[in-house]
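Take a look at the structure below.
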Amino acid sequence: VHPNSRKAAKIASLSMREMKLQKKGKVATAKVHARVARIQWFQEALVPGKDAYSLTEVREMIQRYIDRFQDELATIREESAARGGRVHASREDAIVHLHDMEMSQFRSGFEIPDLRVSANVQYIRIWKGEQH
């Protein structure tokens, strides 16, 4: 096949399309895994025997979720101060970026099941991580 032929261009465009679809699929899979992990965290945070939560309790639970890496971040910063320089700089940057992103989501609309509804709380308790 000649490199400048129509057939070569068609093969190249099909190859590019396939790579784009694979990338899109990986991004979609990552989003689903992140959503499942988030719901699992909230499932583990549910208080046994409690049927529904007030709006204030839900907000506090979301804040605990957003701040879940703050202890690790403090440890990294203490190590960095003790050693001089930035120890675990990439992990620190990832935690800060994740925290900022989740705070932005919290301000604009944080996606979790409505824990104010008893039926939702009961469903989350028995949920096994399946995706619909």
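Letters A, B, ... go to the chains of the structure tokens in the order shown; residues in each chain start at 1; ligands are counted from 1 in the same order.
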Report task. Show which residues sit within 10 Å of stretch 24-32 of chain A, as a list in words. Count only C-alpha atoms, and ignore same-chain residues fewer than 6 positions away. Result ->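 With the cut-off at 10 Å, the set is Glu18, Arg38 and Gln131 of chain A.
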Query raised in the report: Among stretch 15-71 of chain A, which ones does DSSP place in alpha helix (DSSP H), written as a ChimeraX atom specification?
Result: /A:15-45,55-66,70-71
Report task. Would you mind listing what lies within 8 Å of stretch 98-104 of chain A as a ChimeraX atom specification, with only C-alpha atoms counted and same-chain residues fewer than 4 positions away left out? Result -> /A:66-67,94,108,110
**Report entry** Two-atom distance - atom CA of A:Ala74, atom CA of A:Glu92 (Å)
**Finding:**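 Distance reported for this atom pair: 9.4 Å.
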**Report entry** Gap from atom CA of A:Gln43 to atom CA of A:Phe69 - Å, one decimal
**Finding:**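 Calculated distance between atom CA of A:Gln43 and atom CA of A:Phe69 is 17.8 Å.
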Requested in this report: Using only C-alpha atoms, pick whichever of A:Leu55, A:Leu46, A:Ile62, A:Val36 has the shortest atom-to-atom distance to A:Arg107.
Outcome: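 For A:Arg107, the nearest of the given residues is A:Ile62.
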Requested in this report: Using atom CA of A:Tyr123 and atom CA of A:Lys50 as the two end points, give the distance in Å to one decimal.
Outcome: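 Between atom CA of A:Tyr123 and atom CA of A:Lys50 the gap is 12.8 Å.
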Query raised in the report: Excluding same-chain residues fewer than 3 positions from stretch 58-61 of chain A, what lies within 12 Å of it counting only C-alpha atoms, as a VMD selection string?
Result: chain A and resid 38 to 39 41 to 47 52 to 55 64 to 68 103 106 to 107 109 to 117 121
Report task. Considering only C-alpha atoms, state which residue in the set A:Ile95, A:Gly49, A:Ala12, A:Gln22 is at the smallest distance from A:Asp71. Result ->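 Selected residue with least distance to A:Asp71: A:Ile95.
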Query raised in the report: Got a sec: who's within 12 Å of A:Val1, counting only C-alpha atoms, leaving out chain neighbours fewer than 6 positions off, as a PyMOL selection string?
Result: chain A and resi 7-12
Export C-alpha atoms of the chosen residues as a compact mmCIF listing (two decimals), in the first residue's frame?
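Below you can see part.txt, which holds the result:
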```
# COMPACT_ATOMS: atom_id res chain seq x y z
CA LYS A 7 -6.42 3.09 1.11
CA ALA A 8 -3.58 4.11 3.46
CA ALA A 9 -5.54 7.20 4.54
CA LYS A 10 -8.61 5.04 5.21
CA ILE A 11 -6.55 2.57 7.28
CA ALA A 12 -5.01 5.45 9.25
```
Query raised in the report: If you count only C-alpha atoms, which residues fall within 8 Å of A:Val87, apart from same-chain ones fewer than 6 positions away, as a PyMOL selection string?
Result: chain A and resi 76-77+79-80
Hey, can you spit out that residue selection with all heavy atoms as a short mmCIF file (atom, residue, chain, number, x, y, z; two decimals), in the first residue's frame?
```cif
data_model
loop_
_atom_site.label_atom_id
_atom_site.label_comp_id
_atom_site.auth_asym_id
_atom_site.auth_seq_id
_atom_site.Cartn_x
_atom_site.Cartn_y
_atom_site.Cartn_z
N ILE A 76 2.45 13.61 54.82
CA ILE A 76 3.36 13.93 53.72
C ILE A 76 4.01 15.29 53.95
O ILE A 76 5.22 15.45 53.77
CB ILE A 76 2.62 13.89 52.37
CG1 ILE A 76 2.24 12.46 52.01
CG2 ILE A 76 3.46 14.53 51.27
CD1 ILE A 76 1.33 12.34 50.80
N ARG A 77 3.21 16.25 54.37
CA ARG A 77 3.75 17.60 54.59
C ARG A 77 4.72 17.62 55.77
O ARG A 77 5.71 18.34 55.75
CB ARG A 77 2.61 18.59 54.76
CG ARG A 77 1.91 18.83 53.43
CD ARG A 77 0.80 19.84 53.52
NE ARG A 77 0.28 20.11 52.18
CZ ARG A 77 -0.87 20.68 51.93
NH1 ARG A 77 -1.65 21.07 52.94
NH2 ARG A 77 -1.27 20.90 50.69
N GLU A 79 6.63 15.07 56.71
CA GLU A 79 7.86 14.44 56.20
C GLU A 79 8.64 15.42 55.33
O GLU A 79 9.87 15.48 55.42
CB GLU A 79 7.52 13.20 55.37
CG GLU A 79 7.15 11.99 56.17
CD GLU A 79 6.88 10.79 55.29
OE1 GLU A 79 7.49 10.68 54.20
OE2 GLU A 79 6.05 9.95 55.68
N SER A 80 7.94 16.17 54.50
CA SER A 80 8.59 17.14 53.63
C SER A 80 9.29 18.22 54.45
O SER A 80 10.41 18.63 54.13
CB SER A 80 7.58 17.78 52.69
OG SER A 80 7.05 16.83 51.80
#
```
